[in-house]
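For reference, query_31.txt is printed below; it contains compact mmCIF, C-alpha atoms.
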```txt
# COMPACT_ATOMS: atom_id res chain seq x y z
CA MET A 932 -13.33 -17.39 23.73
CA SER A 933 -11.72 -18.96 20.70
CA GLY A 934 -15.10 -18.80 18.97
CA ASN A 935 -15.09 -15.08 19.59
CA HIS A 936 -11.66 -14.81 18.07
CA LEU A 937 -12.80 -16.65 14.99
CA ILE A 938 -15.71 -14.27 14.51
CA TYR A 939 -13.43 -11.25 14.93
CA VAL A 940 -11.06 -12.62 12.31
CA LEU A 941 -13.90 -13.42 9.91
CA ILE A 942 -15.22 -9.87 10.26
CA MET A 943 -11.73 -8.51 9.56
CA PHE A 944 -11.44 -10.62 6.46
CA GLY A 945 -15.01 -9.99 5.28
CA VAL A 946 -14.87 -6.21 5.54
CA ILE A 947 -11.40 -5.86 4.05
CA TYR A 948 -12.18 -8.20 1.16
CA ALA A 949 -15.47 -6.43 0.44
CA ILE A 950 -13.67 -3.08 0.28
CA ARG A 951 -11.22 -4.53 -2.21
CA VAL A 952 -13.56 -6.54 -4.38
CA LEU A 953 -16.53 -4.20 -4.79
CA PRO A 954 -14.86 -1.46 -6.87
CA LEU A 955 -13.08 -4.06 -9.00
CA THR A 956 -16.25 -5.96 -9.81
CA LEU A 957 -18.74 -3.09 -9.95
CA ILE A 958 -16.63 -0.83 -12.17
CA ARG A 959 -16.06 -3.02 -15.18
CA GLY A 960 -15.88 -0.62 -18.07
CA LYS A 961 -13.72 2.41 -18.66
CA VAL A 962 -14.63 5.47 -16.66
CA LYS A 963 -15.64 8.14 -19.17
CA ASN A 964 -16.15 11.11 -16.87
CA ARG A 965 -13.12 13.34 -17.33
CA LEU A 966 -12.96 14.57 -13.76
CA LEU A 967 -13.22 11.09 -12.29
CA LYS A 968 -10.70 9.80 -14.81
CA SER A 969 -8.24 12.54 -13.86
CA PHE A 970 -8.87 11.90 -10.19
CA LEU A 971 -8.07 8.20 -10.57
CA TYR A 972 -5.01 9.07 -12.64
CA TYR A 973 -3.50 11.07 -9.77
CA VAL A 974 -4.59 8.78 -6.90
CA PRO A 975 -1.68 6.28 -7.06
CA TYR A 976 1.08 8.89 -7.01
CA ILE A 977 -0.48 11.00 -4.32
CA THR A 978 -1.44 8.15 -2.05
CA LEU A 979 2.02 6.56 -2.27
CA ALA A 980 3.63 9.94 -1.58
CA VAL A 981 1.38 10.51 1.42
CA MET A 982 2.18 7.04 2.77
CA THR A 983 5.93 7.45 2.32
CA PHE A 984 6.48 10.75 4.05
CA PRO A 985 6.84 11.30 6.96
CA ALA A 986 6.33 7.57 7.69
CA ILE A 987 9.85 6.73 6.45
CA MET A 988 11.27 8.95 9.19
CA GLN A 989 9.14 7.28 11.85
CA ALA A 990 10.09 3.76 10.79
CA THR A 991 13.72 4.36 11.74
CA GLU A 992 15.35 4.84 15.11
CA ASN A 993 16.65 8.25 14.11
CA PRO A 994 14.43 10.32 11.74
CA LEU A 995 17.55 11.61 9.97
CA SER A 996 18.50 8.19 8.63
CA GLY A 997 15.02 7.81 7.14
CA LEU A 998 15.29 11.24 5.57
CA ILE A 999 18.68 10.47 4.05
CA ALA A 1000 17.42 7.12 2.71
CA LEU A 1001 14.49 9.00 1.15
CA ALA A 1002 16.80 11.54 -0.52
CA VAL A 1003 19.13 8.86 -1.87
CA CYS A 1004 16.21 6.84 -3.24
CA ILE A 1005 14.82 9.90 -5.01
CA VAL A 1006 18.17 10.56 -6.67
CA MET A 1007 18.54 6.88 -7.61
CA ALA A 1008 15.04 6.82 -9.10
CA LEU A 1009 15.80 10.03 -11.03
CA PHE A 1010 18.74 8.21 -12.58
CA GLY A 1011 16.43 5.44 -13.67
CA LEU A 1012 17.14 2.75 -11.08
CA GLY A 1013 14.23 0.41 -10.46
CA LEU A 1014 12.22 -0.95 -7.56
CA PHE A 1015 14.67 -3.53 -6.37
CA PRO A 1016 17.84 -1.35 -6.21
CA CYS A 1017 15.94 1.44 -4.49
CA ALA A 1018 14.36 -0.93 -1.97
CA ILE A 1019 17.72 -2.52 -1.11
CA ALA A 1020 19.49 0.85 -0.95
CA ALA A 1021 16.92 2.20 1.49
CA SER A 1022 17.45 -0.73 3.86
CA VAL A 1023 21.24 -0.73 3.60
CA ILE A 1024 21.50 3.04 4.11
CA VAL A 1025 19.30 2.93 7.18
CA TYR A 1026 21.19 -0.03 8.61
CA LEU A 1027 24.60 1.61 8.10
CA LEU A 1028 23.53 5.05 9.31
CA GLU A 1029 21.89 3.71 12.43
CA MET A 1030 25.20 2.20 13.52
CA PHE A 1031 26.53 5.73 13.83
CA LEU A 1032 23.55 7.94 14.58
CA MET B 479 7.73 -14.54 -13.94
CA LYS B 480 7.62 -10.77 -13.92
CA GLY B 481 5.13 -10.57 -11.07
CA MET B 482 7.20 -12.80 -8.82
CA ARG B 483 10.26 -10.65 -9.44
CA TYR B 484 8.33 -7.54 -8.38
CA GLY B 485 7.16 -9.55 -5.39
CA VAL B 486 10.66 -10.06 -3.95
CA PRO B 487 11.31 -6.59 -2.53
CA ILE B 488 7.69 -6.48 -1.39
CA GLY B 489 8.10 -9.81 0.38
CA ALA B 490 11.32 -8.72 2.09
CA GLY B 491 9.66 -5.64 3.49
CA TYR B 492 6.60 -7.67 4.49
CA LEU B 493 8.72 -10.13 6.45
CA ALA B 494 10.04 -7.31 8.58
CA VAL B 495 6.76 -5.48 9.05
CA SER B 496 4.70 -8.60 9.72
CA PHE B 497 7.35 -9.73 12.17
CA ALA B 498 6.66 -6.61 14.21
CA LEU B 499 2.96 -7.32 13.90
CA GLY B 500 3.53 -10.83 15.25
CA ILE B 501 5.32 -9.47 18.28
CA MET B 502 2.39 -7.19 18.99
CA ILE B 503 -0.09 -10.06 18.58
CA ARG B 504 1.87 -12.22 21.00
CA LYS B 505 1.91 -9.47 23.62
CA GLN B 506 -1.66 -8.27 23.33
CA VAL B 507 -3.86 -11.04 22.01
CA GLY B 508 -2.21 -14.35 22.68
CA PHE B 509 -2.99 -15.92 19.30
CA SER B 510 -1.03 -19.03 18.36
CA ALA B 511 1.54 -18.57 15.61
CA LEU B 512 -0.64 -20.53 13.22
CA ALA B 513 -3.79 -18.55 14.01
CA ALA B 514 -1.86 -15.30 13.56
CA ALA B 515 -0.43 -16.46 10.24
CA VAL B 516 -3.85 -17.52 8.96
CA THR B 517 -5.34 -14.19 10.01
CA SER B 518 -2.57 -12.39 8.17
CA ALA B 519 -3.10 -14.49 5.05
CA LEU B 520 -6.80 -13.64 5.12
CA ALA B 521 -6.57 -9.95 5.92
CA VAL B 522 -3.29 -8.99 4.16
CA ALA B 523 -3.32 -5.54 5.70
CA SER B 524 -0.77 -3.90 7.98
CA ALA B 525 -2.50 -0.98 9.68
CA GLY B 526 -5.78 -2.83 9.30
CA GLU B 527 -4.47 -5.82 11.22
CA TYR B 528 -2.87 -3.70 13.93
CA ALA B 529 -6.22 -2.07 14.46
CA GLY B 530 -8.07 -5.36 14.25
CA PHE B 531 -5.90 -7.00 16.89
CA THR B 532 -6.30 -3.96 19.11
CA VAL B 533 -10.05 -4.43 18.90
CA ILE B 534 -9.66 -8.12 19.74
CA ALA B 535 -7.36 -7.33 22.65
CA ALA B 536 -9.96 -4.93 24.03
CA ASN B 537 -12.65 -7.58 23.56
CA ALA B 538 -14.73 -4.83 21.96
CA PRO B 539 -18.14 -5.39 20.35
CA TYR B 540 -18.16 -6.80 16.81
CA VAL B 541 -19.64 -3.60 15.45
CA GLU B 542 -16.50 -1.80 16.57
CA MET B 543 -14.46 -4.22 14.49
CA ILE B 544 -16.61 -3.50 11.46
CA ILE B 545 -16.25 0.26 11.85
CA ALA B 546 -12.51 0.09 12.50
CA MET B 547 -11.98 -2.06 9.42
CA LEU B 548 -14.10 0.23 7.23
CA VAL B 549 -12.27 3.37 8.29
CA ILE B 550 -8.72 2.08 8.30
CA ASN B 551 -8.96 0.10 5.09
CA ALA B 552 -11.05 2.56 3.10
CA ARG B 553 -8.02 3.52 1.04
CA TYR B 554 -8.27 0.13 -0.66
CA LEU B 555 -11.56 1.37 -2.06
CA LEU B 556 -9.63 4.06 -3.93
CA MET B 557 -6.90 1.65 -4.96
CA SER B 558 -9.31 -0.98 -6.29
CA THR B 559 -11.20 1.72 -8.16
CA ALA B 560 -8.00 2.92 -9.79
CA LEU B 561 -6.96 -0.65 -10.58
CA SER B 562 -10.32 -1.44 -12.14
CA GLN B 563 -9.17 0.80 -14.99
CA LYS B 564 -5.87 -0.97 -15.54
CA PHE B 565 -7.16 -4.39 -16.51
CA PRO B 566 -8.02 -5.18 -20.12
CA GLU B 567 -11.77 -4.97 -20.61
CA LYS B 568 -11.72 -8.40 -22.17
CA MET B 569 -10.20 -10.07 -19.12
CA ALA B 570 -12.28 -12.94 -17.76
CA PHE B 571 -14.48 -11.60 -14.98
CA PHE B 572 -13.56 -14.19 -12.33
CA HIS B 573 -10.00 -12.81 -12.16
CA ARG B 574 -11.35 -9.71 -10.47
CA PHE B 575 -12.48 -11.74 -7.47
CA PHE B 576 -9.03 -13.23 -6.94
CA VAL B 577 -7.00 -10.16 -7.77
CA ALA B 578 -9.01 -8.25 -5.16
CA HIS B 579 -7.45 -10.22 -2.34
CA PHE B 580 -3.99 -8.93 -3.29
CA VAL B 581 -4.76 -5.21 -3.35
CA THR B 582 -2.21 -4.05 -0.79
CA ASP B 583 -0.41 -0.72 -0.75
CA GLU B 584 2.69 -2.24 -2.29
CA ILE B 585 1.15 -4.55 -4.87
CA PHE B 586 -1.16 -1.74 -5.88
CA GLY B 587 1.88 0.53 -6.12
CA VAL B 588 3.59 -1.70 -8.65
CA ALA B 589 0.40 -2.60 -10.53
CA SER B 590 -0.66 1.02 -10.90
CA SER B 591 2.80 2.25 -11.85
CA ASP B 592 3.81 3.01 -15.38
CA LEU B 593 5.78 -0.24 -15.49
CA ILE B 594 2.45 -1.50 -16.76
CA PRO B 595 0.49 0.51 -19.32
CA GLU B 596 -3.16 1.39 -18.83
CA GLY B 597 -5.51 -1.42 -19.81
CA LYS B 598 -2.62 -3.85 -20.09
CA LEU B 599 -2.44 -5.22 -16.58
CA ASN B 600 -2.23 -9.00 -16.68
CA PRO B 601 -3.86 -10.55 -13.61
CA PHE B 602 -1.01 -13.04 -13.42
CA VAL B 603 1.42 -10.23 -12.63
CA ILE B 604 -0.68 -9.61 -9.52
CA TYR B 605 -0.87 -13.32 -8.73
CA GLY B 606 2.93 -13.54 -9.07
CA MET B 607 3.47 -10.68 -6.65
CA GLY B 608 0.88 -12.11 -4.29
CA ALA B 609 2.39 -15.60 -4.46
CA VAL B 610 5.67 -14.21 -3.13
CA ALA B 611 4.50 -11.39 -0.90
CA VAL B 612 1.47 -12.86 0.90
CA PRO B 613 3.25 -15.99 2.21
CA CYS B 614 6.05 -13.70 3.43
CA TRP B 615 3.45 -11.61 5.19
CA ALA B 616 1.75 -14.62 6.79
CA VAL B 617 4.95 -16.46 7.73
CA GLY B 618 6.52 -13.27 9.09
CA THR B 619 3.53 -12.78 11.37
CA GLY B 620 3.78 -16.34 12.62
CA ILE B 621 7.50 -16.09 13.27
CA GLY B 622 6.97 -12.81 15.09
CA VAL B 623 4.56 -14.56 17.43
CA LEU B 624 6.89 -17.52 17.94
CA ALA B 625 10.16 -15.75 18.43
CA GLY B 626 9.75 -12.04 18.86
CA ASN B 627 13.35 -11.51 19.74
CA ILE B 628 15.48 -13.50 17.31
CA LEU B 629 15.75 -10.80 14.66
CA PRO B 630 17.73 -7.85 16.01
CA ALA B 631 15.64 -4.69 16.10
CA ASP B 632 18.05 -2.73 13.92
CA ILE B 633 17.82 -5.27 11.10
CA ALA B 634 14.03 -5.43 11.34
CA LYS B 635 13.82 -1.64 11.16
CA ALA B 636 16.20 -1.42 8.21
CA LEU B 637 14.21 -4.06 6.33
CA SER B 638 10.92 -2.31 6.90
CA VAL B 639 12.25 0.82 5.20
CA CYS B 640 12.74 -1.02 1.90
CA LEU B 641 9.01 -0.67 1.21
CA TYR B 642 9.36 3.10 1.17
CA GLY B 643 12.36 2.86 -1.16
CA MET B 644 10.10 0.93 -3.48
CA PHE B 645 7.35 3.54 -3.31
CA ILE B 646 9.87 6.20 -4.29
CA ALA B 647 11.06 4.15 -7.24
CA ILE B 648 7.43 3.93 -8.36
CA ILE B 649 6.45 7.58 -8.14
CA ILE B 650 9.64 9.37 -9.22
CA PRO B 651 9.97 8.24 -12.89
CA PRO B 652 6.51 9.55 -13.88
CA ALA B 653 7.23 12.71 -11.87
CA LYS B 654 10.31 13.24 -14.02
CA ARG B 655 8.18 13.36 -17.16
CA ASN B 656 5.15 15.12 -15.72
CA LYS B 657 5.61 18.33 -13.77
CA VAL B 658 2.08 18.20 -12.37
CA ILE B 659 2.75 14.82 -10.79
CA ALA B 660 6.09 16.08 -9.44
CA GLY B 661 4.43 19.13 -7.94
CA PHE B 662 1.69 17.12 -6.32
CA ILE B 663 4.13 14.59 -4.89
CA ALA B 664 6.00 17.43 -3.22
CA LEU B 665 2.71 18.89 -2.04
CA ALA B 666 1.63 15.47 -0.76
CA PHE B 667 4.87 15.13 1.24
CA LEU B 668 4.31 18.56 2.73
CA CYS B 669 0.64 18.05 3.56
CA SER B 670 1.29 14.59 4.94
CA TYR B 671 3.97 15.96 7.20
CA GLY B 672 1.70 18.82 8.24
CA ALA B 673 -1.15 16.42 8.96
CA SER B 674 1.10 14.34 11.20
CA VAL B 675 2.01 17.28 13.45
CA LEU B 676 -0.90 19.72 13.31
CA PRO B 677 -3.47 19.56 16.10
CA TYR B 678 -6.80 17.79 15.40
CA ILE B 679 -5.65 16.25 12.10
CA SER B 680 -2.78 14.41 13.75
CA ALA B 681 -5.26 12.90 16.20
CA LEU B 682 -6.91 11.02 13.34
CA SER B 683 -5.68 7.53 12.57
CA GLU B 684 -3.00 7.23 9.92
CA GLY B 685 -5.41 5.41 7.62
CA THR B 686 -7.94 8.22 7.83
CA ARG B 687 -5.29 10.85 7.16
CA ILE B 688 -4.12 8.95 4.08
CA ILE B 689 -7.62 8.82 2.64
CA LEU B 690 -8.37 12.42 3.45
CA LEU B 691 -5.17 13.74 1.88
CA THR B 692 -5.39 11.43 -1.14
CA VAL B 693 -8.97 12.43 -1.92
CA VAL B 694 -8.44 16.16 -1.41
CA LEU B 695 -5.13 16.41 -3.29
CA SER B 696 -6.20 14.13 -6.16
CA LEU B 697 -9.40 16.10 -6.54
CA VAL B 698 -7.51 19.40 -6.62
CA ALA B 699 -5.09 17.94 -9.17
CA ALA B 700 -7.96 16.62 -11.29
CA LEU B 701 -9.81 19.95 -11.18
CA LEU B 702 -6.77 22.09 -11.98
CA PHE B 703 -5.00 19.75 -14.37
CA PRO B 704 -7.50 17.33 -15.93
CA VAL B 705 -5.70 14.69 -17.97
CA LYS B 706 -5.98 15.00 -21.72
CA ASP B 707 -7.53 12.05 -23.43
CA GLU B 708 -4.31 11.15 -25.24
CA GLU B 709 -2.46 10.72 -21.97
CA GLU B 710 -4.80 8.02 -20.89
CA ALA B 711 -5.80 6.70 -24.27
CA ASP B 712 -5.27 3.01 -24.60
CA PRO B 713 -4.20 2.06 -28.11
CA SER B 714 -6.06 -1.24 -27.83
CA GLU B 715 -9.27 0.52 -26.94
CA LYS B 716 -11.52 0.61 -29.98
CA GLU B 717 -14.25 2.92 -28.84
CA VAL B 718 -13.11 6.49 -28.73
CA ALA B 719 -14.71 8.54 -26.04
CA ALA B 720 -17.04 10.85 -27.95
CA LYS B 721 -16.74 14.31 -26.52
```
Please rewrite the model in this file as structure tokens.
Amino acid sequence: MSGNHLIYVLIMFGVIYAIRVLPLTLIRGKVKNRLLKSFLYYVPYITLAVMTFPAIMQATENPLSGLIALAVCIVMALFGLGLFPCAIAASVIVYLLEMFL
Amino acid sequence: MKGMRYGVPIGAGYLAVSFALGIMIRKQVGFSALAAAVTSALAVASAGEYAGFTVIAANAPYVEMIIAMLVINARYLLMSTALSQKFPEKMAFFHRFFVAHFVTDEIFGVASSDLIPEGKLNPFVIYGMGAVAVPCWAVGTGIGVLAGNILPADIAKALSVCLYGMFIAIIIPPAKRNKVIAGFIALAFLCSYGASVLPYISALSEGTRIILLTVVLSLVAALLFPVKDEEEADPSEKEVAAK
């Protein structure tokens, strides 16, 4: 049974690592194709946006506190505050709001 | 070190999220704390590990594990592809093998952000983030298995939200300067919400929905608003793309 578990874990690691390492090692030079370049340029922003919403509302007890944390973080980021302040603010806001909501 | 500083908020969020993962592992799979922590250190994936442990709990065939891992973690394929463009071309090749292990949503988020210019990504920034964040991830999983109920649920939930705060801090500054990015972030929010409630699409796993939306929206953005060469041009790059 524990042997089985080991094989499962090795498969998990092997597949995930392969997915991560292959593009990094196979694509060594600069991508010249304009469409692909543009595509890769937008990927980070869009994928982070997709992952953030509506997930932030599902991570909290009450969706409203997640939504408010999101709004406050957007305003903070617009005013130039960085990763750390925004991350802390999100947690503190949710913690405080969930005491009342 | 810069990377380690970026790693702190990531690590804090990881502690909370991996803690929840540990609780799930204890309930469903019965791994020891050490085995769970080692698995987490090897896989370094949240949704991927949830799915993986579900497969283990079901005692499903190995091929099912392979398919589940491919589908749920496919977004790392996109992230690694995007990151492949951020490293200096002169960087020693072996770094790519080590950096690959640390391509998580959050580390990718920071590494791909405009905190670091194109072609200027130092692998040690990634190692720094990984050195803080991955142990947090592994230890958090182990603690979750050991003592699922010492951290009050409200604190664990609040901590897990800090990762989203970080994502916002990454995507908003470029959106301020670039209306196309701003528009597509809003569109991504909308589509992502739609995909989570609409029939059929919402039945897909979260990982699949992320890939689908990222590919479709990025492709539309690239077709409608291709980036000009100057925007992406790296001053250190000698060869100019001949058009």
What are the closest atom pairs, with distances in Å to one decimal, for each residue of chain B lying within 7 Å of chain A, using all atoms listed in the file, rows by chain and rising residue number, as CSV?
```
residue,atom,partner,partner_atom,distance
B:Pro487,CA,A:Phe1015,CA,5.9
B:Thr517,CA,A:Val940,CA,6.4
B:Leu520,CA,A:Phe944,CA,5.7
B:Ala521,CA,A:Phe944,CA,4.9
B:Gly530,CA,A:Met943,CA,6.7
B:Ile534,CA,A:Tyr939,CA,6.9
B:Tyr540,CA,A:Tyr939,CA,6.8
B:Ile544,CA,A:Ile942,CA,6.6
B:Met547,CA,A:Val946,CA,6.4
B:Leu548,CA,A:Val946,CA,6.7
B:Asn551,CA,A:Ile947,CA,6.5
B:Ala552,CA,A:Ile950,CA,6.8
B:Tyr554,CA,A:Arg951,CA,5.7
B:Leu555,CA,A:Ile950,CA,5.5
B:Ser558,CA,A:Leu955,CA,5.6
B:Thr559,CA,A:Pro954,CA,5.0
B:Ala560,CA,A:Leu971,CA,5.3
B:Ser562,CA,A:Leu955,CA,4.9
B:Gln563,CA,A:Lys961,CA,6.1
B:Glu567,CA,A:Gly960,CA,6.5
B:Arg574,CA,A:Leu955,CA,6.1
B:Phe575,CA,A:Val952,CA,6.1
B:Ala578,CA,A:Val952,CA,4.9
B:His579,CA,A:Tyr948,CA,6.2
B:Val581,CA,A:Arg951,CA,6.6
B:Gly587,CA,A:Pro975,CA,6.8
B:Ser590,CA,A:Pro975,CA,6.6
B:Asp632,CA,A:Tyr1026,CA,6.7
B:Ile633,CA,A:Tyr1026,CA,6.7
B:Lys635,CA,A:Thr991,CA,6.0
B:Ala636,CA,A:Ser1022,CA,4.6
B:Leu637,CA,A:Ser1022,CA,5.3
B:Val639,CA,A:Ser1022,CA,5.6
B:Cys640,CA,A:Ala1018,CA,4.2
B:Leu641,CA,A:Ala1018,CA,6.2
B:Tyr642,CA,A:Thr983,CA,5.7
B:Gly643,CA,A:Ala1018,CA,4.4
B:Met644,CA,A:Ala1018,CA,4.9
B:Phe645,CA,A:Leu979,CA,6.2
B:Ile646,CA,A:Ile1005,CA,6.2
B:Ala647,CA,A:Ala1008,CA,5.1
B:Ile648,CA,A:Leu1014,CA,6.9
B:Ile649,CA,A:Tyr976,CA,5.6
B:Ile650,CA,A:Ala1008,CA,6.0
B:Pro651,CA,A:Leu1009,CA,6.4
B:Phe662,CA,A:Ile977,CA,6.8
B:Ile663,CA,A:Ala980,CA,5.7
B:Ala666,CA,A:Val981,CA,5.4
B:Phe667,CA,A:Phe984,CA,5.4
B:Ser670,CA,A:Val981,CA,5.4
B:Tyr671,CA,A:Pro985,CA,5.5
B:Ile688,CA,A:Val981,CA,6.3
B:Thr692,CA,A:Thr978,CA,5.2
B:Ser696,CA,A:Phe970,CA,5.3
B:Leu697,CA,A:Phe970,CA,5.6
B:Ala700,CA,A:Ser969,CA,4.8
B:Leu701,CA,A:Leu966,CA,6.7
B:Pro704,CA,A:Ser969,CA,5.3
B:Val705,CA,A:Ser969,CA,5.3
B:Ala719,CA,A:Lys963,CA,6.9
```
Find the distance between atom CA of B:Val693 and atom CA of B:Met557 and write it in Å to one decimal.
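Those two atoms sit 11.4 Å apart.
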For atom CA of B:Lys480 and atom CA of B:Gly606, the interatomic separation in Å (one decimal)
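For atom CA of B:Lys480 relative to atom CA of B:Gly606, the distance reads 7.3 Å.
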In Å, rounded to a single decimal, give me how far atom CA of B:Pro613 is from atom CA of B:Ala519.
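Spanning atom CA of B:Ala519 to atom CA of B:Pro613 is a straight-line distance of 7.1 Å.
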Can you tell me, as number ranges by chain, what residues are no more than 6 Å from stretch 622-626 of chain B when counting all atoms listed in the file, ignoring any on the same chain fewer than 4 positions away?
B: 497, 500-501, 504, 511
Select, from B:Pro566, B:Lys654, B:Ala523, B:Gly485, the residue with the minimum atom-to-atom distance to B:Thr619, counting all atoms listed in the file.
B:Ala523
Spatial neighbours of B:Asn600, 10 Å, only C-alpha atoms, chain gap at least 3 places, as a list of chain:residue names:
B:Gly481, B:Lys564, B:Phe565, B:Pro566, B:Met569, B:His573, B:Ala589, B:Ile594, B:Gly597, B:Val603, B:Ile604, B:Tyr605
Rank B:Val486, B:Ala699, B:Cys614, B:Ala681 by their smallest atom-to-atom distance to B:Ile659, using all atoms listed in the file, and report the top residue only.
B:Ala699
